[in-house]
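To keep things clear, I will list the structure first and then write my remarks on it.
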Amino acid sequence: MNEHTYKKESVHHSGENGRRNFLKICSVVLTSLIGIAYAIPLIRAFISPAMQDTVTGSSGLFDIGNTNDCEVNVPRKVPIKGIKIDAWNKFPTTAIGAVWILMDKDKKFTAFSTICPHLGCGVDWDEDSGRFVCPCHDSYFDIEGNVLSGPSPRRLDTLETEIKQGKLFVKYQKMKLGISEKIPT
Ligand code: FES
């Protein structure tokens, strides 16, 4: 074998090796992609329940108590209690939120979410000024939930109410934050 033939052989071999390495890398990448494609639904099935809290009430309605407990035009804060279920646990009756209940002189009830529509802080009732106040960024709302000032993009969220046998029930829902429309999450 002369020097010229030897060089040609060696170039030929290194080309073969390069192709083999390239095919090996392709097969490893392909196998990994197939593995990931199979793993994603499994991982999602395992993790997603942990990210979902389900709260049960009787058909979404929560018992707020006796309607006689309210005074005219004095908002009353009432805890919402329900059975909370996360990924793998069912908790006994737990406070899962709260609502402001307002009764007007005609005994008409309005339920407001206590969650500020801006970024979700708790809204308080300030008896002295007769306004709802969110202390986080100073949003103020009148007794009907309308925005008086501050960054809240919408009025306080009202929740559906129902009276059954002298008891008030509220459909407790959380709404999307930071937007002008009231949209359940
Ligand atoms: S969270 Fe209420 S004003 Fe920002």
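Chain labels A, B, ... are given in the sequence in which chains occur in the structure tokens; within each chain residues are numbered consecutively from 1, and ligands are likewise numbered from 1 in the order shown.
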Next item on the list: Throw together the list of residues within 6 Å of ligand 1, counting only C-alpha atoms and all ligand atoms, and drop it here as a list in words.
Entry: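 Using only C-alpha atoms and all ligand atoms, I find these residues within 6 Å of ligand 1: Cys116, His118, Leu119, Gly120, Cys121, Cys134, Cys136, His137, Asp138, Ser139, Pro151 and Ser152 of chain A.
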For the residues in that selection, give me C-alpha atoms as a PDB file, in the first residue's frame.
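Contents of again_22.pdb, as written:
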```
ATOM      1  CA  CYS A 116     -59.928  42.546  46.471  1.00  0.00           C
ATOM      2  CA  HIS A 118     -56.928  44.193  42.291  1.00  0.00           C
ATOM      3  CA  LEU A 119     -54.433  41.622  43.597  1.00  0.00           C
ATOM      4  CA  GLY A 120     -56.425  39.550  46.038  1.00  0.00           C
ATOM      5  CA  CYS A 121     -55.855  41.094  49.476  1.00  0.00           C
ATOM      6  CA  CYS A 134     -58.324  47.266  50.869  1.00  0.00           C
ATOM      7  CA  CYS A 136     -52.713  46.682  50.409  1.00  0.00           C
ATOM      8  CA  HIS A 137     -52.863  49.491  47.838  1.00  0.00           C
ATOM      9  CA  ASP A 138     -55.610  51.697  49.268  1.00  0.00           C
ATOM     10  CA  SER A 139     -58.590  50.805  47.151  1.00  0.00           C
ATOM     11  CA  PRO A 151     -56.205  50.711  41.700  1.00  0.00           C
ATOM     12  CA  SER A 152     -58.995  48.122  41.833  1.00  0.00           C
TER      13      SER A 152
END
```
Next item on the list: Based on DSSP run over this structure's backbone, return all residues of range 47-165 of chain A in strand (DSSP E), as an NGL selection string.
Entry: :A and (54-56 or 61-66 or 76-85 or 90-103 or 109-113 or 124-126 or 131-134 or 139-141 or 147-149 or 158-159 or 161-164)
Mind checking which residues fall within 9 Å of Tyr172 in chain A, counting only C-alpha atoms, ignoring those fewer than 5 positions away in the same chain, and posting them as a PDB file with N, CA and C atoms, in the first residue's frame?
```
ATOM      1  N   GLY A  57     -69.496  22.151  48.570  1.00  0.00           N
ATOM      2  CA  GLY A  57     -70.559  22.665  49.419  1.00  0.00           C
ATOM      3  C   GLY A  57     -71.794  21.955  48.927  1.00  0.00           C
ATOM      4  N   GLY A  60     -72.622  23.811  45.489  1.00  0.00           N
ATOM      5  CA  GLY A  60     -71.973  25.110  45.341  1.00  0.00           C
ATOM      6  C   GLY A  60     -72.524  26.182  46.262  1.00  0.00           C
ATOM      7  N   LEU A  61     -73.560  25.869  47.022  1.00  0.00           N
ATOM      8  CA  LEU A  61     -74.142  26.862  47.925  1.00  0.00           C
ATOM      9  C   LEU A  61     -73.651  26.622  49.350  1.00  0.00           C
ATOM     10  N   PHE A  62     -73.258  27.708  49.993  1.00  0.00           N
ATOM     11  CA  PHE A  62     -72.754  27.587  51.356  1.00  0.00           C
ATOM     12  C   PHE A  62     -73.709  28.282  52.327  1.00  0.00           C
ATOM     13  N   ILE A  80     -66.783  31.243  55.163  1.00  0.00           N
ATOM     14  CA  ILE A  80     -67.363  30.188  54.324  1.00  0.00           C
ATOM     15  C   ILE A  80     -66.660  28.902  54.706  1.00  0.00           C
ATOM     16  N   GLY A  97     -62.762  30.615  53.005  1.00  0.00           N
ATOM     17  CA  GLY A  97     -62.887  31.978  52.521  1.00  0.00           C
ATOM     18  C   GLY A  97     -63.887  32.722  53.382  1.00  0.00           C
ATOM     19  N   ALA A  98     -64.313  33.874  52.907  1.00  0.00           N
ATOM     20  CA  ALA A  98     -65.296  34.658  53.663  1.00  0.00           C
ATOM     21  C   ALA A  98     -66.062  35.551  52.700  1.00  0.00           C
ATOM     22  N   VAL A  99     -67.202  36.029  53.169  1.00  0.00           N
ATOM     23  CA  VAL A  99     -67.989  36.975  52.365  1.00  0.00           C
ATOM     24  C   VAL A  99     -68.482  38.097  53.270  1.00  0.00           C
ATOM     25  N   SER A 113     -67.617  39.276  47.766  1.00  0.00           N
ATOM     26  CA  SER A 113     -66.386  38.540  48.066  1.00  0.00           C
ATOM     27  C   SER A 113     -65.489  39.451  48.901  1.00  0.00           C
ATOM     28  N   LEU A 159     -71.688  37.904  44.831  1.00  0.00           N
ATOM     29  CA  LEU A 159     -71.884  36.456  44.694  1.00  0.00           C
ATOM     30  C   LEU A 159     -73.374  36.151  44.787  1.00  0.00           C
ATOM     31  N   GLU A 160     -73.779  35.108  44.092  1.00  0.00           N
ATOM     32  CA  GLU A 160     -75.216  34.764  44.093  1.00  0.00           C
ATOM     33  C   GLU A 160     -75.673  34.354  45.494  1.00  0.00           C
TER      34      GLU A 160
END
```
Notebook entry, point to check: Quick one: residues within 12 Å of Gly130 in chain A, only C-alpha atoms counted, chain neighbours fewer than 6 positions away excluded, as a PyMOL selection string?
Noted result: chain A and resi 73-75+124+140-145+148
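Among A:Ile83, A:Asn146, A:Asp157, A:Ser129, the residue with the shortest atom-to-atom distance to Trp100 in chain A, counting only C-alpha atoms, is A:Asp157.
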Next item on the list: Record the distance separating CA of Ile34 in chain A and CA of Gly18 in chain A, expressed in Å with one decimal.
Entry: 24.3 Å
Spatial neighbours of Met103 in chain A, 9 Å, only C-alpha atoms, chain gap at least 3 places, as a PDB file with C-alpha atoms, in the first residue's frame:
```
ATOM      1  CA  THR A  67     -81.136  36.002  57.921  1.00  0.00           C
ATOM      2  CA  CYS A  70     -78.058  40.858  59.895  1.00  0.00           C
ATOM      3  CA  GLU A  71     -78.597  44.534  60.713  1.00  0.00           C
ATOM      4  CA  VAL A  72     -79.791  46.932  58.023  1.00  0.00           C
ATOM      5  CA  ASN A  73     -76.862  48.509  56.137  1.00  0.00           C
ATOM      6  CA  VAL A  74     -74.202  47.006  58.398  1.00  0.00           C
ATOM      7  CA  PRO A  75     -71.971  44.615  56.444  1.00  0.00           C
ATOM      8  CA  ARG A  76     -71.324  41.401  58.317  1.00  0.00           C
ATOM      9  CA  ASP A 106     -86.103  46.030  52.171  1.00  0.00           C
ATOM     10  CA  LYS A 107     -84.369  42.906  53.513  1.00  0.00           C
ATOM     11  CA  LYS A 108     -82.605  42.361  50.228  1.00  0.00           C
ATOM     12  CA  PHE A 109     -79.265  40.607  50.689  1.00  0.00           C
ATOM     13  CA  THR A 110     -76.053  41.185  48.800  1.00  0.00           C
ATOM     14  CA  ALA A 111     -72.956  39.042  49.235  1.00  0.00           C
TER      15      ALA A 111
END
```
